[in-house]
Amino acid sequence: MSDHPTSDRSPALIEFSDVAMTFRDTTRSFRAIEGLSLSIPRGQFCCVVGPSGCGKSTLLNMVAGLLEPTRGEVRYDGRTVTGANTRVGYVTQKDNLLPWRTVRANVRLPLEVRGLGKAETDRRTDEVLDLVGLAGFGDAYPRQLSGGMRKRVTLARTLVYEPEVILADEPFGALDSQLRTVLQGELLDLRSRTDATVLFITHDLGEAIALGDRVLVMSARPSRVLLDEPVELPQPRDVFSARFAPEYARLHETLWAALSPEVESGVSA
Ligand SMILES: Nc1ncnc2c1ncn2[C@@H]1O[C@H](COP(=O)(O)OP(=O)(O)O)[C@@H](O)[C@H]1O
Ligand SMILES: [Mg+2]
């Protein structure tokens, strides 16, 4: 039996039905997403790859309730998402740290908002700062940090309250490869401990396969799901050794065959 439920046995936690998203300004309209249907069961780690500008961040913004689709419906746990979805933790592509708060004060903010006691808030904040390798930087301000460090603060701020769903938008993109491997492992650990559902955007196919239970390839605009492949590597998984499995190579080839023409059409558009 699989550790993680499939859509046959449990209802979807996140569901897109025939979603379209068109952005309009005064002079033109711009179709980012069209006819997107997608169902993500509770507990799944779902990775999304696609050419730049195809609507991946838009997808997450809709689950977080920051954007409403122009057509179709996004449902969360059976209900249409309207307004901010507080059950998800969102590691956004651009960090949105509060510049007047220190690193520690930024990370503890979600726990303060939830009214957690000071001792427990301090303990969890220190634990998560340590986890992302920022133990010595709690008193620094965001402006004093590199881009990669700010990204780690954003990640810590999401992990600290162990949300039911983690939306992650290229969270490891700016990190060096050693730290990236460590944090990938930590994310898999966290996920197996908490059974969080993860919707994870990456431009790195290898990362998508090493982490995901499933990989979706999005098409160039107007974007839809082009390929939807399960990752048949056992969980719990070691991100290092996953890359040497025959399944990894096979899947990489299949996914790249679908993705590369989309990337090229995006470049020439
Ligand atoms: N608020 C917005 N207003 C107008 N256009 C937008 C807005 N958000 C995104 N877009 C456009 O929609 C497309 C998809 O954006 P995005 O989801 O950020 O792509 P990705 O994350 O895949 O790179 C892009 O071409 C972007 O310029
Ligand atoms: Mg994006």
# chains A, B, ... in the order shown; residues from 1 in each chain; ligands from 1
>>> residues_near_ligand(ligand="ligand 1", cutoff="7 Å", atoms="only C-alpha atoms and all ligand atoms", output="compact mmCIF listing (two decimals) with N, CA and C atoms, in the first residue's frame")
# COMPACT_ATOMS: atom_id res chain seq x y z
N PHE A 23 -5.07 38.23 -17.82
CA PHE A 23 -4.76 39.51 -17.20
C PHE A 23 -5.13 40.62 -18.19
N ARG A 24 -5.75 41.69 -17.68
CA ARG A 24 -6.14 42.80 -18.56
C ARG A 24 -5.54 44.09 -18.05
N PHE A 30 -4.32 39.47 -21.82
CA PHE A 30 -3.19 38.57 -21.88
C PHE A 30 -3.60 37.23 -21.28
N ALA A 32 -2.93 33.99 -19.72
CA ALA A 32 -1.83 33.27 -19.08
C ALA A 32 -2.15 31.78 -18.98
N GLY A 50 7.74 24.19 -16.02
CA GLY A 50 7.15 24.79 -17.21
C GLY A 50 8.00 25.96 -17.62
N PRO A 51 7.86 26.41 -18.87
CA PRO A 51 8.70 27.51 -19.34
C PRO A 51 8.43 28.78 -18.53
N SER A 52 9.41 29.64 -18.51
CA SER A 52 9.30 30.90 -17.80
C SER A 52 8.11 31.70 -18.33
N GLY A 53 7.33 32.28 -17.43
CA GLY A 53 6.19 33.11 -17.83
C GLY A 53 4.94 32.33 -18.20
N CYS A 54 4.91 31.01 -17.94
CA CYS A 54 3.75 30.22 -18.38
C CYS A 54 2.61 30.26 -17.37
N GLY A 55 2.85 30.79 -16.18
CA GLY A 55 1.74 30.91 -15.22
C GLY A 55 1.91 30.06 -13.97
N LYS A 56 3.11 29.65 -13.67
CA LYS A 56 3.33 28.79 -12.49
C LYS A 56 3.07 29.57 -11.18
N SER A 57 3.62 30.77 -11.09
CA SER A 57 3.36 31.57 -9.88
C SER A 57 1.88 31.92 -9.78
N THR A 58 1.27 32.17 -10.92
CA THR A 58 -0.17 32.48 -10.96
C THR A 58 -0.98 31.33 -10.36
N LEU A 59 -0.58 30.11 -10.68
CA LEU A 59 -1.22 28.91 -10.16
C LEU A 59 -1.23 28.93 -8.62
>>> residues_around(residues="Ala135 of chain A", least_positions_apart="4", cutoff="12 Å", atoms="only C-alpha atoms", output="PDB file with C-alpha atoms, in the first residue's frame")
ATOM      1  CA  VAL A 103      15.257  37.836  10.763  1.00  0.00           C
ATOM      2  CA  ARG A 104      14.032  36.299  14.028  1.00  0.00           C
ATOM      3  CA  VAL A 107      10.212  34.164  11.222  1.00  0.00           C
ATOM      4  CA  THR A 125      11.838  29.981  15.861  1.00  0.00           C
ATOM      5  CA  ASP A 126      15.363  29.044  16.968  1.00  0.00           C
ATOM      6  CA  GLU A 127      14.862  25.461  15.827  1.00  0.00           C
ATOM      7  CA  VAL A 128      13.785  26.466  12.338  1.00  0.00           C
ATOM      8  CA  LEU A 129      16.516  29.136  11.984  1.00  0.00           C
ATOM      9  CA  ASP A 130      19.009  26.419  12.801  1.00  0.00           C
ATOM     10  CA  LEU A 131      17.391  24.085  10.281  1.00  0.00           C
ATOM     11  CA  ASP A 139      19.374  39.672  14.822  1.00  0.00           C
ATOM     12  CA  ALA A 140      20.239  40.753  11.278  1.00  0.00           C
ATOM     13  CA  MET A 149      19.773  34.042   2.752  1.00  0.00           C
ATOM     14  CA  ARG A 152      15.990  30.844   3.540  1.00  0.00           C
ATOM     15  CA  VAL A 153      14.273  33.277   5.921  1.00  0.00           C
ATOM     16  CA  ALA A 156      11.819  29.333   7.688  1.00  0.00           C
TER      17      ALA A 156
END
>>> residues_around(residues="Ser29 of chain A", least_positions_apart="6", cutoff="12 Å", atoms="only C-alpha atoms", output="list in words")
Met21, Thr22, Phe23, Thr70 and Pro222 of chain A
>>> residues_around(residues="Tyr76 of chain A", least_positions_apart="2", cutoff="7 Å", atoms="only C-alpha atoms", output="list in words")
Leu13, Ile14, Glu15, Val74, Gly78, Arg79, Thr80 and Val81 of chain A
>>> atom_distance(atom1="atom CA of Thr121 of chain A", atom2="atom CA of Leu134 of chain A")
16.6 Å
>>> closest_residue(among="A:Leu36, A:Leu175, A:Ile166, A:Ile201", to="ligand 2", atoms="only C-alpha atoms and all ligand atoms")
A:Ile201
>>> select_by_dssp(residues="segment 8-213 of chain A", states="alpha helix (DSSP H)", output="ChimeraX atom specification")
/A:56-63,103-113,118-131,147-159,177-194,205-211
>>> atom_distance(atom1="atom CA of Ala64 of chain A", atom2="atom CA of Val91 of chain A")
10.7 Å
>>> residues_around(residues="Ser260 of chain A", least_positions_apart="6", cutoff="12 Å", atoms="only C-alpha atoms", output="VMD selection string")
chain A and resid 49 to 52 203 205 217 to 220 226 252 to 254 266 to 267
>>> atom_distance(atom1="atom CA of Asp95 of chain A", atom2="atom CA of Lys151 of chain A")
6.4 Å
>>> residues_around(residues="segment 206-212 of chain A", least_positions_apart="6", cutoff="9 Å", atoms="only C-alpha atoms", output="list of chain:residue names")
A:Gln44, A:Phe45, A:Cys46, A:Cys47, A:Val48, A:Val49, A:Gln184, A:Gly185, A:Leu187, A:Leu188, A:Val198, A:Phe200, A:Pro230, A:Val231, A:Leu233, A:Arg237, A:Asp238, A:Val239, A:Phe240, A:Ser241, A:Ala242, A:Arg243, A:Tyr248, A:Leu251, A:His252
>>> write_last_selection(atoms="C-alpha atoms", output="tab-separated table (two decimals), in the first residue's frame")
chain	number	residue	atom	x	y	z
A	44	GLN	CA	0.88	14.48	-2.19
A	45	PHE	CA	4.14	16.21	-3.10
A	46	CYS	CA	3.35	17.64	-6.51
A	47	CYS	CA	6.05	19.38	-8.53
A	48	VAL	CA	5.36	21.71	-11.42
A	49	VAL	CA	7.79	22.60	-14.19
A	184	GLN	CA	15.66	19.47	-0.10
A	185	GLY	CA	16.33	16.67	2.38
A	187	LEU	CA	11.77	19.45	3.23
A	188	LEU	CA	11.26	15.73	2.53
A	198	VAL	CA	3.21	20.26	-1.15
A	200	PHE	CA	6.29	22.92	-5.51
A	230	PRO	CA	3.90	9.79	-11.26
A	231	VAL	CA	7.39	9.37	-9.79
A	233	LEU	CA	10.70	6.12	-6.60
A	237	ARG	CA	13.54	9.14	-0.29
A	238	ASP	CA	17.12	10.22	-0.22
A	239	VAL	CA	17.59	13.13	-2.64
A	240	PHE	CA	21.16	12.10	-3.34
A	241	SER	CA	20.67	8.46	-4.26
A	242	ALA	CA	17.37	9.14	-6.06
A	243	ARG	CA	19.43	10.55	-8.91
A	248	TYR	CA	15.11	8.92	-12.49
A	251	LEU	CA	11.51	10.07	-16.22
A	252	HIS	CA	14.00	12.85	-16.87
>>> select_by_dssp(residues="segment 206-240 of chain A", states="strand (DSSP E or B)", output="ChimeraX atom specification")
/A:214-218,223,225-230
>>> closest_residue(among="A:Ala257, A:Leu60, A:Val225, A:Leu159", to="ligand 2", atoms="only C-alpha atoms and all ligand atoms")
A:Leu60
>>> closest_residue(among="A:Ser39, A:Thr181, A:Asn85, A:Thr92", to="ligand 2", atoms="only C-alpha atoms and all ligand atoms")
A:Thr92
>>> closest_residue(among="A:Ala20, A:Ile40, A:Ala168, A:Val63", to="ligand 2", atoms="only C-alpha atoms and all ligand atoms")
A:Ala168
>>> residues_around(residues="Glu112 of chain A", least_positions_apart="2", cutoff="12 Å", atoms="only C-alpha atoms", output="list in words")
Arg104, Ala105, Asn106, Val107, Arg108, Leu109, Pro110, Arg114, Gly115, Leu116, Gly117, Lys118, Ala119, Glu120, Thr121, Asp122, Arg124, Thr125, Arg157, Val160 and Tyr161 of chain A
>>> decode(residues="segment 55-81 of chain A", atoms="N, CA and C atoms", output="PDB file, in the first residue's frame")
ATOM      1  N   GLY A  55       2.851  30.790 -16.178  1.00  0.00           N
ATOM      2  CA  GLY A  55       1.743  30.914 -15.222  1.00  0.00           C
ATOM      3  C   GLY A  55       1.909  30.062 -13.968  1.00  0.00           C
ATOM      4  N   LYS A  56       3.111  29.653 -13.668  1.00  0.00           N
ATOM      5  CA  LYS A  56       3.333  28.795 -12.490  1.00  0.00           C
ATOM      6  C   LYS A  56       3.068  29.568 -11.184  1.00  0.00           C
ATOM      7  N   SER A  57       3.616  30.774 -11.091  1.00  0.00           N
ATOM      8  CA  SER A  57       3.364  31.570  -9.880  1.00  0.00           C
ATOM      9  C   SER A  57       1.875  31.916  -9.780  1.00  0.00           C
ATOM     10  N   THR A  58       1.266  32.174 -10.924  1.00  0.00           N
ATOM     11  CA  THR A  58      -0.174  32.478 -10.958  1.00  0.00           C
ATOM     12  C   THR A  58      -0.982  31.325 -10.359  1.00  0.00           C
ATOM     13  N   LEU A  59      -0.575  30.111 -10.684  1.00  0.00           N
ATOM     14  CA  LEU A  59      -1.223  28.906 -10.159  1.00  0.00           C
ATOM     15  C   LEU A  59      -1.226  28.928  -8.622  1.00  0.00           C
ATOM     16  N   LEU A  60      -0.059  29.184  -8.045  1.00  0.00           N
ATOM     17  CA  LEU A  60       0.055  29.203  -6.586  1.00  0.00           C
ATOM     18  C   LEU A  60      -0.747  30.371  -6.003  1.00  0.00           C
ATOM     19  N   ASN A  61      -0.691  31.527  -6.676  1.00  0.00           N
ATOM     20  CA  ASN A  61      -1.449  32.687  -6.185  1.00  0.00           C
ATOM     21  C   ASN A  61      -2.948  32.383  -6.112  1.00  0.00           C
ATOM     22  N   MET A  62      -3.428  31.553  -7.027  1.00  0.00           N
ATOM     23  CA  MET A  62      -4.849  31.203  -7.003  1.00  0.00           C
ATOM     24  C   MET A  62      -5.171  30.278  -5.835  1.00  0.00           C
ATOM     25  N   VAL A  63      -4.265  29.336  -5.520  1.00  0.00           N
ATOM     26  CA  VAL A  63      -4.496  28.441  -4.372  1.00  0.00           C
ATOM     27  C   VAL A  63      -4.441  29.249  -3.070  1.00  0.00           C
ATOM     28  N   ALA A  64      -3.526  30.230  -3.030  1.00  0.00           N
ATOM     29  CA  ALA A  64      -3.386  31.073  -1.832  1.00  0.00           C
ATOM     30  C   ALA A  64      -4.525  32.089  -1.713  1.00  0.00           C
ATOM     31  N   GLY A  65      -5.341  32.199  -2.761  1.00  0.00           N
ATOM     32  CA  GLY A  65      -6.468  33.135  -2.719  1.00  0.00           C
ATOM     33  C   GLY A  65      -6.079  34.572  -2.999  1.00  0.00           C
ATOM     34  N   LEU A  66      -4.903  34.776  -3.592  1.00  0.00           N
ATOM     35  CA  LEU A  66      -4.459  36.138  -3.900  1.00  0.00           C
ATOM     36  C   LEU A  66      -4.955  36.584  -5.264  1.00  0.00           C
ATOM     37  N   LEU A  67      -5.349  35.607  -6.095  1.00  0.00           N
ATOM     38  CA  LEU A  67      -5.885  35.896  -7.423  1.00  0.00           C
ATOM     39  C   LEU A  67      -7.102  35.005  -7.635  1.00  0.00           C
ATOM     40  N   GLU A  68      -8.125  35.566  -8.269  1.00  0.00           N
ATOM     41  CA  GLU A  68      -9.270  34.729  -8.628  1.00  0.00           C
ATOM     42  C   GLU A  68      -9.228  34.436 -10.112  1.00  0.00           C
ATOM     43  N   PRO A  69      -9.537  33.204 -10.505  1.00  0.00           N
ATOM     44  CA  PRO A  69      -9.501  32.897 -11.936  1.00  0.00           C
ATOM     45  C   PRO A  69     -10.573  33.675 -12.696  1.00  0.00           C
ATOM     46  N   THR A  70     -10.293  33.943 -13.975  1.00  0.00           N
ATOM     47  CA  THR A  70     -11.315  34.635 -14.759  1.00  0.00           C
ATOM     48  C   THR A  70     -12.408  33.674 -15.212  1.00  0.00           C
ATOM     49  N   ARG A  71     -12.080  32.387 -15.256  1.00  0.00           N
ATOM     50  CA  ARG A  71     -13.107  31.378 -15.550  1.00  0.00           C
ATOM     51  C   ARG A  71     -12.775  30.127 -14.765  1.00  0.00           C
ATOM     52  N   GLY A  72     -13.781  29.300 -14.511  1.00  0.00           N
ATOM     53  CA  GLY A  72     -13.551  28.057 -13.800  1.00  0.00           C
ATOM     54  C   GLY A  72     -13.443  28.291 -12.310  1.00  0.00           C
ATOM     55  N   GLU A  73     -12.938  27.276 -11.640  1.00  0.00           N
ATOM     56  CA  GLU A  73     -13.002  27.313 -10.182  1.00  0.00           C
ATOM     57  C   GLU A  73     -11.770  26.670  -9.574  1.00  0.00           C
ATOM     58  N   VAL A  74     -11.273  27.261  -8.486  1.00  0.00           N
ATOM     59  CA  VAL A  74     -10.215  26.640  -7.688  1.00  0.00           C
ATOM     60  C   VAL A  74     -10.847  26.283  -6.350  1.00  0.00           C
ATOM     61  N   ARG A  75     -10.801  24.980  -6.003  1.00  0.00           N
ATOM     62  CA  ARG A  75     -11.383  24.541  -4.724  1.00  0.00           C
ATOM     63  C   ARG A  75     -10.288  24.072  -3.783  1.00  0.00           C
ATOM     64  N   TYR A  76     -10.508  24.366  -2.516  1.00  0.00           N
ATOM     65  CA  TYR A  76      -9.594  23.900  -1.480  1.00  0.00           C
ATOM     66  C   TYR A  76     -10.431  23.151  -0.460  1.00  0.00           C
ATOM     67  N   ASP A  77     -10.101  21.892  -0.241  1.00  0.00           N
ATOM     68  CA  ASP A  77     -10.838  21.048   0.700  1.00  0.00           C
ATOM     69  C   ASP A  77     -12.346  21.145   0.454  1.00  0.00           C
ATOM     70  N   GLY A  78     -12.700  21.108  -0.824  1.00  0.00           N
ATOM     71  CA  GLY A  78     -14.114  21.069  -1.197  1.00  0.00           C
ATOM     72  C   GLY A  78     -14.794  22.418  -1.336  1.00  0.00           C
ATOM     73  N   ARG A  79     -14.108  23.507  -0.946  1.00  0.00           N
ATOM     74  CA  ARG A  79     -14.740  24.835  -1.026  1.00  0.00           C
ATOM     75  C   ARG A  79     -14.031  25.719  -2.029  1.00  0.00           C
ATOM     76  N   THR A  80     -14.813  26.515  -2.752  1.00  0.00           N
ATOM     77  CA  THR A  80     -14.215  27.463  -3.691  1.00  0.00           C
ATOM     78  C   THR A  80     -13.350  28.468  -2.929  1.00  0.00           C
ATOM     79  N   VAL A  81     -12.145  28.694  -3.439  1.00  0.00           N
ATOM     80  CA  VAL A  81     -11.252  29.660  -2.788  1.00  0.00           C
ATOM     81  C   VAL A  81     -11.713  31.066  -3.150  1.00  0.00           C
TER      82      VAL A  81
END
